[in-house]
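Engineer: Pasting coords00.cif below, which is mmCIF, C-alpha atoms, pLDDT in the B column; chains and numbers go by the auth columns.
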```cif
data_my_file
#
loop_
_atom_site.group_PDB
_atom_site.id
_atom_site.type_symbol
_atom_site.label_atom_id
_atom_site.label_comp_id
_atom_site.label_asym_id
_atom_site.label_seq_id
_atom_site.Cartn_x
_atom_site.Cartn_y
_atom_site.Cartn_z
_atom_site.B_iso_or_equiv
_atom_site.auth_seq_id
_atom_site.auth_asym_id
ATOM 1 C CA MET A 1 0.000 0.000 0.000 65.00 1 V
ATOM 2 C CA LYS A 2 2.783 2.429 0.867 72.00 2 V
ATOM 3 C CA THR A 3 4.232 2.020 -2.618 92.00 3 V
ATOM 4 C CA ILE A 4 0.947 2.942 -4.318 95.00 4 V
ATOM 5 C CA ILE A 5 0.412 5.947 -2.049 97.00 5 V
ATOM 6 C CA LYS A 6 3.957 7.115 -2.719 96.00 6 V
ATOM 7 C CA ASN A 7 3.443 6.687 -6.463 97.00 7 V
ATOM 8 C CA ILE A 8 0.297 8.814 -6.323 98.00 8 V
ATOM 9 C CA GLN A 9 2.020 11.483 -4.273 98.00 9 V
ATOM 10 C CA ASP A 10 5.034 11.472 -6.571 98.00 10 V
ATOM 11 C CA SER A 11 2.727 11.835 -9.578 98.00 11 V
ATOM 12 C CA LEU A 12 0.978 14.798 -7.987 98.00 12 V
ATOM 13 C CA ARG A 13 4.261 16.451 -7.097 98.00 13 V
ATOM 14 C CA GLN A 14 5.388 16.289 -10.710 98.00 14 V
ATOM 15 C CA TYR A 15 2.661 18.855 -11.404 98.00 15 V
ATOM 16 C CA ALA A 16 3.427 21.050 -8.388 98.00 16 V
ATOM 17 C CA SER A 17 4.114 24.735 -8.928 97.00 17 V
ATOM 18 C CA PRO A 18 5.677 26.969 -6.232 96.00 18 V
ATOM 19 C CA GLU A 19 3.902 29.991 -7.714 97.00 19 V
ATOM 20 C CA ARG A 20 0.526 28.250 -7.703 97.00 20 V
ATOM 21 C CA LYS A 21 1.171 27.085 -4.137 97.00 21 V
ATOM 22 C CA ILE A 22 1.440 30.697 -2.979 97.00 22 V
ATOM 23 C CA ASN A 23 -1.709 31.685 -4.852 97.00 23 V
ATOM 24 C CA VAL A 24 -3.886 28.811 -3.623 97.00 24 V
ATOM 25 C CA GLU A 25 -2.721 29.205 -0.026 96.00 25 V
ATOM 26 C CA ARG A 26 -3.887 32.795 -0.223 96.00 26 V
ATOM 27 C CA PHE A 27 -7.137 31.798 -1.979 96.00 27 V
ATOM 28 C CA PHE A 28 -7.989 29.110 0.583 96.00 28 V
ATOM 29 C CA LYS A 29 -7.211 31.405 3.524 95.00 29 V
ATOM 30 C CA THR A 30 -4.480 29.367 5.203 95.00 30 V
ATOM 31 C CA GLY A 31 -3.162 32.245 7.308 93.00 31 V
ATOM 32 C CA LYS A 32 -3.348 32.408 11.084 93.00 32 V
ATOM 33 C CA GLY A 33 -6.919 32.786 12.281 93.00 33 V
ATOM 34 C CA GLN A 34 -8.387 32.142 8.843 95.00 34 V
ATOM 35 C CA TYR A 35 -10.732 29.275 8.023 95.00 35 V
ATOM 36 C CA GLY A 36 -8.030 27.254 6.250 95.00 36 V
ATOM 37 C CA GLU A 37 -5.318 27.799 8.851 94.00 37 V
ATOM 38 C CA GLY A 38 -2.778 24.989 8.761 92.00 38 V
ATOM 39 C CA ASP A 39 -3.857 23.496 5.437 96.00 39 V
ATOM 40 C CA GLN A 40 -0.816 22.676 3.310 97.00 40 V
ATOM 41 C CA PHE A 41 -0.685 22.949 -0.483 98.00 41 V
ATOM 42 C CA ILE A 42 1.935 21.989 -3.047 98.00 42 V
ATOM 43 C CA GLY A 43 0.420 23.920 -5.946 98.00 43 V
ATOM 44 C CA VAL A 44 -1.254 21.353 -8.240 98.00 44 V
ATOM 45 C CA SER A 45 -4.153 22.466 -10.445 98.00 45 V
ATOM 46 C CA ASN A 46 -7.496 20.658 -10.252 98.00 46 V
ATOM 47 C CA PRO A 47 -7.226 19.294 -13.825 98.00 47 V
ATOM 48 C CA ASP A 48 -3.857 17.768 -12.973 98.00 48 V
ATOM 49 C CA VAL A 49 -5.184 16.276 -9.728 98.00 49 V
ATOM 50 C CA ARG A 50 -8.031 14.730 -11.721 98.00 50 V
ATOM 51 C CA LYS A 51 -5.541 13.371 -14.224 98.00 51 V
ATOM 52 C CA VAL A 52 -3.699 11.534 -11.449 98.00 52 V
ATOM 53 C CA ALA A 53 -7.015 10.372 -9.953 98.00 53 V
ATOM 54 C CA ARG A 54 -7.981 8.772 -13.268 98.00 54 V
ATOM 55 C CA GLU A 55 -4.657 6.968 -13.412 98.00 55 V
ATOM 56 C CA TYR A 56 -5.197 5.445 -9.959 98.00 56 V
ATOM 57 C CA LYS A 57 -8.989 5.101 -10.110 97.00 57 V
ATOM 58 C CA ALA A 58 -8.991 1.427 -8.999 96.00 58 V
ATOM 59 C CA ILE A 59 -7.070 1.718 -5.735 97.00 59 V
ATOM 60 C CA SER A 60 -8.596 0.113 -2.628 97.00 60 V
ATOM 61 C CA LEU A 61 -10.624 1.885 0.053 98.00 61 V
ATOM 62 C CA ASN A 62 -7.766 1.373 2.501 97.00 62 V
ATOM 63 C CA GLU A 63 -5.433 3.136 0.096 98.00 63 V
ATOM 64 C CA ILE A 64 -7.932 5.947 -0.443 98.00 64 V
ATOM 65 C CA GLU A 65 -8.235 6.378 3.322 98.00 65 V
ATOM 66 C CA SER A 66 -4.464 6.478 3.726 97.00 66 V
ATOM 67 C CA LEU A 67 -4.189 9.174 1.054 98.00 67 V
ATOM 68 C CA LEU A 68 -7.064 11.088 2.657 98.00 68 V
ATOM 69 C CA HIS A 69 -5.077 11.281 5.901 98.00 69 V
ATOM 70 C CA SER A 70 -2.290 13.234 4.221 98.00 70 V
ATOM 71 C CA PRO A 71 -1.627 16.770 5.495 98.00 71 V
ATOM 72 C CA ILE A 72 -1.293 17.882 1.855 98.00 72 V
ATOM 73 C CA HIS A 73 -4.502 19.315 0.423 98.00 73 V
ATOM 74 C CA GLU A 74 -4.009 17.989 -3.099 98.00 74 V
ATOM 75 C CA ASP A 75 -3.476 14.448 -1.758 98.00 75 V
ATOM 76 C CA ARG A 76 -6.823 14.627 0.054 98.00 76 V
ATOM 77 C CA LEU A 77 -8.458 16.142 -3.016 98.00 77 V
ATOM 78 C CA CYS A 78 -7.182 13.290 -5.170 98.00 78 V
ATOM 79 C CA ALA A 79 -8.444 10.718 -2.650 98.00 79 V
ATOM 80 C CA LEU A 80 -11.925 12.221 -2.647 98.00 80 V
ATOM 81 C CA ILE A 81 -12.113 12.427 -6.435 98.00 81 V
ATOM 82 C CA ILE A 82 -11.264 8.726 -6.637 98.00 82 V
ATOM 83 C CA LEU A 83 -13.804 7.935 -3.913 98.00 83 V
ATOM 84 C CA VAL A 84 -16.599 9.880 -5.614 98.00 84 V
ATOM 85 C CA ASN A 85 -15.897 8.218 -8.951 98.00 85 V
ATOM 86 C CA GLN A 86 -15.890 4.761 -7.371 98.00 86 V
ATOM 87 C CA ASN A 87 -19.146 5.544 -5.592 98.00 87 V
ATOM 88 C CA LYS A 88 -20.892 6.418 -8.862 96.00 88 V
ATOM 89 C CA LYS A 89 -20.338 2.843 -10.095 95.00 89 V
ATOM 90 C CA ALA A 90 -20.641 1.043 -6.750 97.00 90 V
ATOM 91 C CA ASN A 91 -23.202 -1.644 -5.966 97.00 91 V
ATOM 92 C CA PRO A 92 -25.157 -1.226 -2.698 96.00 92 V
ATOM 93 C CA GLU A 93 -22.623 -3.160 -0.598 97.00 93 V
ATOM 94 C CA ALA A 94 -19.679 -1.208 -1.973 98.00 94 V
ATOM 95 C CA GLN A 95 -21.619 2.045 -1.582 98.00 95 V
ATOM 96 C CA LYS A 96 -22.230 1.187 2.066 98.00 96 V
ATOM 97 C CA ASP A 97 -18.480 0.730 2.627 98.00 97 V
ATOM 98 C CA ILE A 98 -17.681 3.971 0.831 98.00 98 V
ATOM 99 C CA THR A 99 -20.263 5.881 2.871 98.00 99 V
ATOM 100 C CA LYS A 100 -18.903 4.470 6.120 98.00 100 V
ATOM 101 C CA LEU A 101 -15.371 5.475 5.148 98.00 101 V
ATOM 102 C CA TYR A 102 -16.586 8.965 4.244 98.00 102 V
ATOM 103 C CA ILE A 103 -18.381 9.522 7.547 98.00 103 V
ATOM 104 C CA VAL A 104 -15.485 8.236 9.652 98.00 104 V
ATOM 105 C CA ASN A 105 -13.091 10.512 7.786 98.00 105 V
ATOM 106 C CA VAL A 106 -15.114 13.731 7.776 97.00 106 V
ATOM 107 C CA PRO A 107 -12.395 15.372 9.960 96.00 107 V
ATOM 108 C CA PHE A 108 -10.049 15.131 6.948 98.00 108 V
ATOM 109 C CA ILE A 109 -12.599 16.701 4.571 98.00 109 V
ATOM 110 C CA ASN A 110 -11.629 20.049 5.946 97.00 110 V
ATOM 111 C CA ASN A 111 -11.896 22.739 3.329 97.00 111 V
ATOM 112 C CA TRP A 112 -14.827 23.970 1.276 98.00 112 V
ATOM 113 C CA ASP A 113 -13.691 22.507 -2.050 98.00 113 V
ATOM 114 C CA LEU A 114 -13.244 19.059 -0.493 98.00 114 V
ATOM 115 C CA VAL A 115 -16.760 19.219 0.947 98.00 115 V
ATOM 116 C CA ASP A 116 -18.362 20.600 -2.186 98.00 116 V
ATOM 117 C CA LEU A 117 -16.999 17.953 -4.545 98.00 117 V
ATOM 118 C CA SER A 118 -17.980 15.018 -2.346 98.00 118 V
ATOM 119 C CA ALA A 119 -20.765 15.515 0.206 98.00 119 V
ATOM 120 C CA HIS A 120 -23.798 15.264 -2.083 98.00 120 V
ATOM 121 C CA TYR A 121 -22.282 12.591 -4.300 98.00 121 V
ATOM 122 C CA ILE A 122 -21.490 10.299 -1.363 98.00 122 V
ATOM 123 C CA LEU A 123 -23.433 11.144 1.802 98.00 123 V
ATOM 124 C CA GLY A 124 -26.401 12.741 0.044 98.00 124 V
ATOM 125 C CA LYS A 125 -26.694 9.819 -2.369 98.00 125 V
ATOM 126 C CA ALA A 126 -26.386 7.271 0.443 98.00 126 V
ATOM 127 C CA ILE A 127 -29.239 8.886 2.361 98.00 127 V
ATOM 128 C CA TYR A 128 -31.404 9.123 -0.755 98.00 128 V
ATOM 129 C CA ASP A 129 -30.711 5.469 -1.579 97.00 129 V
ATOM 130 C CA GLY A 130 -31.610 4.347 1.964 97.00 130 V
ATOM 131 C CA ILE A 131 -28.086 3.246 2.815 97.00 131 V
ATOM 132 C CA GLN A 132 -27.547 5.874 5.526 98.00 132 V
ATOM 133 C CA GLU A 133 -30.011 7.274 8.093 97.00 133 V
ATOM 134 C CA LYS A 134 -30.963 10.890 7.520 96.00 134 V
ATOM 135 C CA ASP A 135 -30.475 11.970 11.132 97.00 135 V
ATOM 136 C CA ILE A 136 -26.733 12.258 10.539 98.00 136 V
ATOM 137 C CA LEU A 137 -27.462 15.526 8.741 98.00 137 V
ATOM 138 C CA ASP A 138 -28.910 17.060 11.908 98.00 138 V
ATOM 139 C CA THR A 139 -25.907 15.895 13.898 98.00 139 V
ATOM 140 C CA LEU A 140 -23.553 17.482 11.369 98.00 140 V
ATOM 141 C CA ALA A 141 -25.630 20.666 11.053 98.00 141 V
ATOM 142 C CA ASN A 142 -25.367 21.206 14.816 98.00 142 V
ATOM 143 C CA SER A 143 -21.636 20.458 14.975 98.00 143 V
ATOM 144 C CA PRO A 144 -19.227 23.109 16.303 97.00 144 V
ATOM 145 C CA ILE A 145 -16.968 22.269 13.343 97.00 145 V
ATOM 146 C CA LEU A 146 -17.503 24.454 10.275 97.00 146 V
ATOM 147 C CA TRP A 147 -16.760 21.736 7.735 98.00 147 V
ATOM 148 C CA GLU A 148 -19.207 19.278 9.280 98.00 148 V
ATOM 149 C CA ARG A 149 -21.973 21.880 9.075 98.00 149 V
ATOM 150 C CA ARG A 150 -21.085 22.491 5.440 98.00 150 V
ATOM 151 C CA VAL A 151 -21.176 18.739 4.717 98.00 151 V
ATOM 152 C CA ALA A 152 -24.737 18.716 6.087 98.00 152 V
ATOM 153 C CA ILE A 153 -26.161 21.408 3.802 98.00 153 V
ATOM 154 C CA ILE A 154 -24.162 20.435 0.710 98.00 154 V
ATOM 155 C CA SER A 155 -25.344 16.825 1.080 98.00 155 V
ATOM 156 C CA THR A 156 -28.899 18.029 0.425 98.00 156 V
ATOM 157 C CA PHE A 157 -27.947 19.069 -3.108 98.00 157 V
ATOM 158 C CA TYR A 158 -28.468 15.440 -4.100 98.00 158 V
ATOM 159 C CA PHE A 159 -32.061 15.652 -2.848 98.00 159 V
ATOM 160 C CA ILE A 160 -32.594 18.968 -4.615 98.00 160 V
ATOM 161 C CA HIS A 161 -31.509 17.495 -7.930 98.00 161 V
ATOM 162 C CA LYS A 162 -34.068 14.731 -7.344 98.00 162 V
ATOM 163 C CA GLY A 163 -36.786 17.338 -6.777 97.00 163 V
ATOM 164 C CA ASN A 164 -36.993 17.170 -2.964 98.00 164 V
ATOM 165 C CA ILE A 165 -36.176 20.390 -1.106 98.00 165 V
ATOM 166 C CA ASP A 166 -37.632 19.496 2.324 98.00 166 V
ATOM 167 C CA ASP A 167 -34.307 18.798 4.020 98.00 167 V
ATOM 168 C CA THR A 168 -32.639 21.798 2.412 98.00 168 V
ATOM 169 C CA LEU A 169 -35.238 24.101 3.925 98.00 169 V
ATOM 170 C CA ARG A 170 -35.127 22.331 7.292 98.00 170 V
ATOM 171 C CA LEU A 171 -31.336 22.476 7.600 98.00 171 V
ATOM 172 C CA SER A 172 -31.209 26.007 6.219 98.00 172 V
ATOM 173 C CA LYS A 173 -33.410 27.168 9.074 98.00 173 V
ATOM 174 C CA ILE A 174 -31.072 25.506 11.588 97.00 174 V
ATOM 175 C CA LEU A 175 -28.060 27.148 9.947 98.00 175 V
ATOM 176 C CA LEU A 176 -29.433 30.680 9.576 97.00 176 V
ATOM 177 C CA THR A 177 -27.814 31.619 12.886 95.00 177 V
ATOM 178 C CA ASP A 178 -24.392 30.344 11.794 97.00 178 V
ATOM 179 C CA THR A 179 -21.700 32.986 12.237 96.00 179 V
ATOM 180 C CA GLU A 180 -19.366 31.777 9.468 97.00 180 V
ATOM 181 C CA ASP A 181 -19.440 33.556 6.114 97.00 181 V
ATOM 182 C CA LEU A 182 -18.674 30.269 4.344 97.00 182 V
ATOM 183 C CA MET A 183 -21.897 28.879 5.787 98.00 183 V
ATOM 184 C CA HIS A 184 -23.857 31.969 4.813 98.00 184 V
ATOM 185 C CA LYS A 185 -22.732 31.348 1.243 98.00 185 V
ATOM 186 C CA ALA A 186 -23.406 27.607 1.366 98.00 186 V
ATOM 187 C CA VAL A 187 -26.940 28.037 2.715 98.00 187 V
ATOM 188 C CA GLY A 188 -27.684 30.762 0.165 98.00 188 V
ATOM 189 C CA TRP A 189 -26.361 28.553 -2.615 98.00 189 V
ATOM 190 C CA ALA A 190 -28.542 25.660 -1.454 98.00 190 V
ATOM 191 C CA LEU A 191 -31.618 27.889 -1.294 98.00 191 V
ATOM 192 C CA ARG A 192 -30.911 29.205 -4.781 98.00 192 V
ATOM 193 C CA GLU A 193 -30.743 25.662 -6.161 98.00 193 V
ATOM 194 C CA ALA A 194 -33.910 24.732 -4.262 98.00 194 V
ATOM 195 C CA TRP A 195 -35.640 27.829 -5.687 98.00 195 V
ATOM 196 C CA LYS A 196 -35.007 26.491 -9.193 98.00 196 V
ATOM 197 C CA LYS A 197 -37.064 23.412 -8.264 98.00 197 V
ATOM 198 C CA ASP A 198 -39.820 25.043 -6.210 98.00 198 V
ATOM 199 C CA ALA A 199 -39.735 28.827 -6.295 98.00 199 V
ATOM 200 C CA PRO A 200 -42.964 29.427 -4.294 98.00 200 V
ATOM 201 C CA ARG A 201 -41.812 27.337 -1.311 98.00 201 V
ATOM 202 C CA VAL A 202 -38.375 28.925 -1.179 98.00 202 V
ATOM 203 C CA GLU A 203 -39.827 32.424 -1.492 98.00 203 V
ATOM 204 C CA GLU A 204 -42.234 31.622 1.338 98.00 204 V
ATOM 205 C CA PHE A 205 -39.278 30.391 3.409 98.00 205 V
ATOM 206 C CA LEU A 206 -37.370 33.606 2.731 98.00 206 V
ATOM 207 C CA GLN A 207 -40.352 35.745 3.703 97.00 207 V
ATOM 208 C CA GLU A 208 -41.052 33.820 6.918 97.00 208 V
ATOM 209 C CA ASN A 209 -37.415 33.855 8.037 98.00 209 V
ATOM 210 C CA TYR A 210 -36.399 37.208 6.564 97.00 210 V
ATOM 211 C CA PRO A 211 -35.326 38.881 9.853 96.00 211 V
ATOM 212 C CA ASN A 212 -32.896 36.046 10.589 96.00 212 V
ATOM 213 C CA ILE A 213 -31.355 35.585 7.147 98.00 213 V
ATOM 214 C CA PRO A 214 -27.750 36.834 6.826 98.00 214 V
ATOM 215 C CA ARG A 215 -27.375 39.325 3.994 97.00 215 V
ATOM 216 C CA THR A 216 -24.900 37.115 2.116 98.00 216 V
ATOM 217 C CA THR A 217 -27.289 34.159 2.314 98.00 217 V
ATOM 218 C CA LEU A 218 -30.125 36.291 0.965 98.00 218 V
ATOM 219 C CA ARG A 219 -28.066 37.624 -1.939 98.00 219 V
ATOM 220 C CA TYR A 220 -27.038 34.122 -2.973 98.00 220 V
ATOM 221 C CA ALA A 221 -30.579 32.762 -2.586 98.00 221 V
ATOM 222 C CA ILE A 222 -32.256 35.404 -4.783 98.00 222 V
ATOM 223 C CA GLU A 223 -29.513 35.665 -7.399 97.00 223 V
ATOM 224 C CA ARG A 224 -31.553 34.049 -10.196 96.00 224 V
ATOM 225 C CA MET A 225 -34.812 35.887 -9.540 96.00 225 V
ATOM 226 C CA GLU A 226 -36.091 38.433 -12.037 96.00 226 V
ATOM 227 C CA GLU A 227 -34.697 41.884 -11.299 95.00 227 V
ATOM 228 C CA ASP A 228 -37.834 43.478 -9.828 95.00 228 V
ATOM 229 C CA LYS A 229 -38.509 40.570 -7.478 95.00 229 V
ATOM 230 C CA ARG A 230 -34.861 40.395 -6.455 96.00 230 V
ATOM 231 C CA LYS A 231 -34.893 44.072 -5.507 95.00 231 V
ATOM 232 C CA ARG A 232 -38.066 43.615 -3.459 95.00 232 V
ATOM 233 C CA PHE A 233 -36.488 40.787 -1.504 95.00 233 V
ATOM 234 C CA LEU A 234 -33.391 42.863 -0.866 95.00 234 V
ATOM 235 C CA LYS A 235 -35.583 45.578 0.603 92.00 235 V
ATOM 236 C CA GLY A 236 -37.821 43.147 2.464 92.00 236 V
ATOM 237 C CA VAL A 237 -40.885 44.316 0.538 90.00 237 V
ATOM 238 C CA PHE A 238 -42.975 41.347 -0.554 85.00 238 V
#
```
Please lay out the structure from this file as structure tokens.

Structural biologist:
Amino acid sequence: MKTIIKNIQDSLRQYASPERKINVERFFKTGKGQYGEGDQFIGVSNPDVRKVAREYKAISLNEIESLLHSPIHEDRLCALIILVNQNKKANPEAQKDITKLYIVNVPFINNWDLVDLSAHYILGKAIYDGIQEKDILDTLANSPILWERRVAIISTFYFIHKGNIDDTLRLSKILLTDTEDLMHKAVGWALREAWKKDAPRVEEFLQENYPNIPRTTLRYAIERMEEDKRKRFLKGVF
């Protein structure tokens, strides 16, 4: 296993760029006190990470987990891309194992891009398919850890795409009091996607909860509305 992990890491490092490393560390807010504090990058672009992931697409779950435990962001990104791709083709038993691995390793899914590329495709799908109990979303939504709360709301994107926005609205209400800007954006994004499926229900939600909705969340949620309606929501005039 160590040989395969080293081969993957060596392949990723062939694409590393010191200049890109500086830029992405700034972009992902890795400075002291910022949301990505302590995250380490080597400067590999997403297309190159995906290229390596395709090359090693058949590695075992144990190997994926080992790679996911790396302190290097691109290693964890590669692991999750492989895991998501395996999950898309997995039978129910394999999907159950993948979901279990994902849940156990949520502490290593610790930046917004890692959450956003995986949560709905793995946890959301597992819940929709009846492989995982839904109550895990409430546990995650009430977590003190930012990334766990983001996993909760992003997981509901799978339901939204299937035409069910119930859990998105329910978790959004829980998360309206969140103090993190990244959560304000995530909830607004989820509401915007839900609005595409059922505009009247989302607009009713926005009206009922208007006093408690962070401004960033509101702006994201109403982004696709027609101009006049969008302006009314910004002013709180319905």

Engineer: For Glu133 in chain V, please output as an NGL selection string all residues within 12 Å (counting only C-alpha atoms; exclusion window: fewer than 2 positions along the same chain).

Structural biologist: :V and (96 or 99-100 or 103 or 123-131 or 135-139)

Engineer: Can you tell me, as an MDAnalysis selection string, which residues sit within 12 Å of (-38.7, 34.2, 2.1) in the file's frame, using only C-alpha atoms?

Structural biologist: chainID V and resid 169 172:173 188 191:192 195 199:213 217:219 221:222 229:230 232:238

Engineer: Convert the current residue selection to file output with C-alpha atoms, as an mmCIF file, in the coordinates of the input.

Structural biologist:
```cif
data_model
loop_
_atom_site.group_PDB
_atom_site.id
_atom_site.type_symbol
_atom_site.label_atom_id
_atom_site.label_comp_id
_atom_site.auth_asym_id
_atom_site.auth_seq_id
_atom_site.Cartn_x
_atom_site.Cartn_y
_atom_site.Cartn_z
ATOM 1 C CA LEU V 169 -35.238 24.101 3.925
ATOM 2 C CA SER V 172 -31.209 26.007 6.219
ATOM 3 C CA LYS V 173 -33.410 27.168 9.074
ATOM 4 C CA GLY V 188 -27.684 30.762 0.165
ATOM 5 C CA LEU V 191 -31.618 27.889 -1.294
ATOM 6 C CA ARG V 192 -30.911 29.205 -4.781
ATOM 7 C CA TRP V 195 -35.640 27.829 -5.687
ATOM 8 C CA ALA V 199 -39.735 28.827 -6.295
ATOM 9 C CA PRO V 200 -42.964 29.427 -4.294
ATOM 10 C CA ARG V 201 -41.812 27.337 -1.311
ATOM 11 C CA VAL V 202 -38.375 28.925 -1.179
ATOM 12 C CA GLU V 203 -39.827 32.424 -1.492
ATOM 13 C CA GLU V 204 -42.234 31.622 1.338
ATOM 14 C CA PHE V 205 -39.278 30.391 3.409
ATOM 15 C CA LEU V 206 -37.370 33.606 2.731
ATOM 16 C CA GLN V 207 -40.352 35.745 3.703
ATOM 17 C CA GLU V 208 -41.052 33.820 6.918
ATOM 18 C CA ASN V 209 -37.415 33.855 8.037
ATOM 19 C CA TYR V 210 -36.399 37.208 6.564
ATOM 20 C CA PRO V 211 -35.326 38.881 9.853
ATOM 21 C CA ASN V 212 -32.896 36.046 10.589
ATOM 22 C CA ILE V 213 -31.355 35.585 7.147
ATOM 23 C CA THR V 217 -27.289 34.159 2.314
ATOM 24 C CA LEU V 218 -30.125 36.291 0.965
ATOM 25 C CA ARG V 219 -28.066 37.624 -1.939
ATOM 26 C CA ALA V 221 -30.579 32.762 -2.586
ATOM 27 C CA ILE V 222 -32.256 35.404 -4.783
ATOM 28 C CA LYS V 229 -38.509 40.570 -7.478
ATOM 29 C CA ARG V 230 -34.861 40.395 -6.455
ATOM 30 C CA ARG V 232 -38.066 43.615 -3.459
ATOM 31 C CA PHE V 233 -36.488 40.787 -1.504
ATOM 32 C CA LEU V 234 -33.391 42.863 -0.866
ATOM 33 C CA LYS V 235 -35.583 45.578 0.603
ATOM 34 C CA GLY V 236 -37.821 43.147 2.464
ATOM 35 C CA VAL V 237 -40.885 44.316 0.538
ATOM 36 C CA PHE V 238 -42.975 41.347 -0.554
#
```

Engineer: So that I can check the surroundings of Thr3 in chain V, please list as a short mmCIF file (atom, residue, chain, number, x, y, z; two decimals) with C-alpha atoms, in the coordinates of the input every protein, DNA and RNA residue that reaches within 12 Å of it, counting all atoms listed in the file and ignoring chain neighbours fewer than 6 positions away.

Structural biologist:
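And here is the file that came out, around_2.cif:
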```cif
data_model
loop_
_atom_site.label_atom_id
_atom_site.label_comp_id
_atom_site.auth_asym_id
_atom_site.auth_seq_id
_atom_site.Cartn_x
_atom_site.Cartn_y
_atom_site.Cartn_z
CA GLN V 9 2.02 11.48 -4.27
CA ASP V 10 5.03 11.47 -6.57
CA ILE V 59 -7.07 1.72 -5.74
CA GLU V 63 -5.43 3.14 0.10
CA SER V 66 -4.46 6.48 3.73
CA LEU V 67 -4.19 9.17 1.05
#
```

Engineer: Between V:Thr168, V:Asn110, V:Ser155, V:Thr216, which residue has the minimum interatomic distance to Tyr35 in chain V, considering all atoms listed in the file?

Structural biologist: V:Asn110

Engineer: Can you tell me which residues surround Leu117 in chain V at a distance of at most 9 Å, considering only C-alpha atoms, apart from same-chain residues fewer than 3 positions away, and format the answer as a list in words?

Structural biologist: Leu77, Leu80, Ile81, Val84, Trp112, Asp113, Leu114, His120 and Tyr121 of chain V

Engineer: Run the PyMOL selection byres ((chain V and resi 18-24) around 8) against the file shown and list the residues it catches, as a list in words.

Structural biologist: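 On the file shown, the PyMOL selection byres ((chain V and resi 18-24) around 8) covers Ala16, Ser17, Glu25, Arg26, Phe27, Phe28, Phe41, Ile42, Gly43, Val44 and Ser45 of chain V.
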
Engineer: Work out how far apart CA of Ile82 in chain V and CA of Ala53 in chain V are and give it in Å to one decimal.

Structural biologist: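 Computing the Euclidean distance for CA of Ile82 in chain V and CA of Ala53 in chain V yields 5.6 Å.
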
Engineer: Let me make sure I understand: among V:Ala194, V:Val106, V:Ala94, V:Ile4, which one has the smallest atom-to-atom distance to Lys57 in chain V if we use only C-alpha atoms?

Structural biologist: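 The shortest atom-to-atom distance to Lys57 in chain V comes from V:Ile4.
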
Engineer: Show which residues sit within 8 Å of Arg150 in chain V, as a PDB file with C-alpha atoms, in the coordinates of the input. Count all atoms listed in the file, and ignore same-chain residues fewer than 5 positions away.

Structural biologist:
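To be explicit, this is the file written out as out22.pdb:
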```pdb
ATOM      1  CA  TRP V 112     -14.827  23.970   1.276  1.00 98.00           C
ATOM      2  CA  VAL V 115     -16.760  19.219   0.947  1.00 98.00           C
ATOM      3  CA  ALA V 141     -25.630  20.666  11.053  1.00 98.00           C
ATOM      4  CA  MET V 183     -21.897  28.879   5.787  1.00 98.00           C
ATOM      5  CA  ALA V 186     -23.406  27.607   1.366  1.00 98.00           C
TER       6      ALA V 186
END
```

Engineer: To one decimal place, how far is CA of Leu176 in chain V from CA of Ser118 in chain V in Å?

Structural biologist: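 Result for CA of Leu176 in chain V versus CA of Ser118 in chain V: 22.8 Å, one decimal.
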
Engineer: Mind pulling up the distance from CA of Asn62 in chain V to CA of Glu93 in chain V?

Structural biologist: 15.8 Å
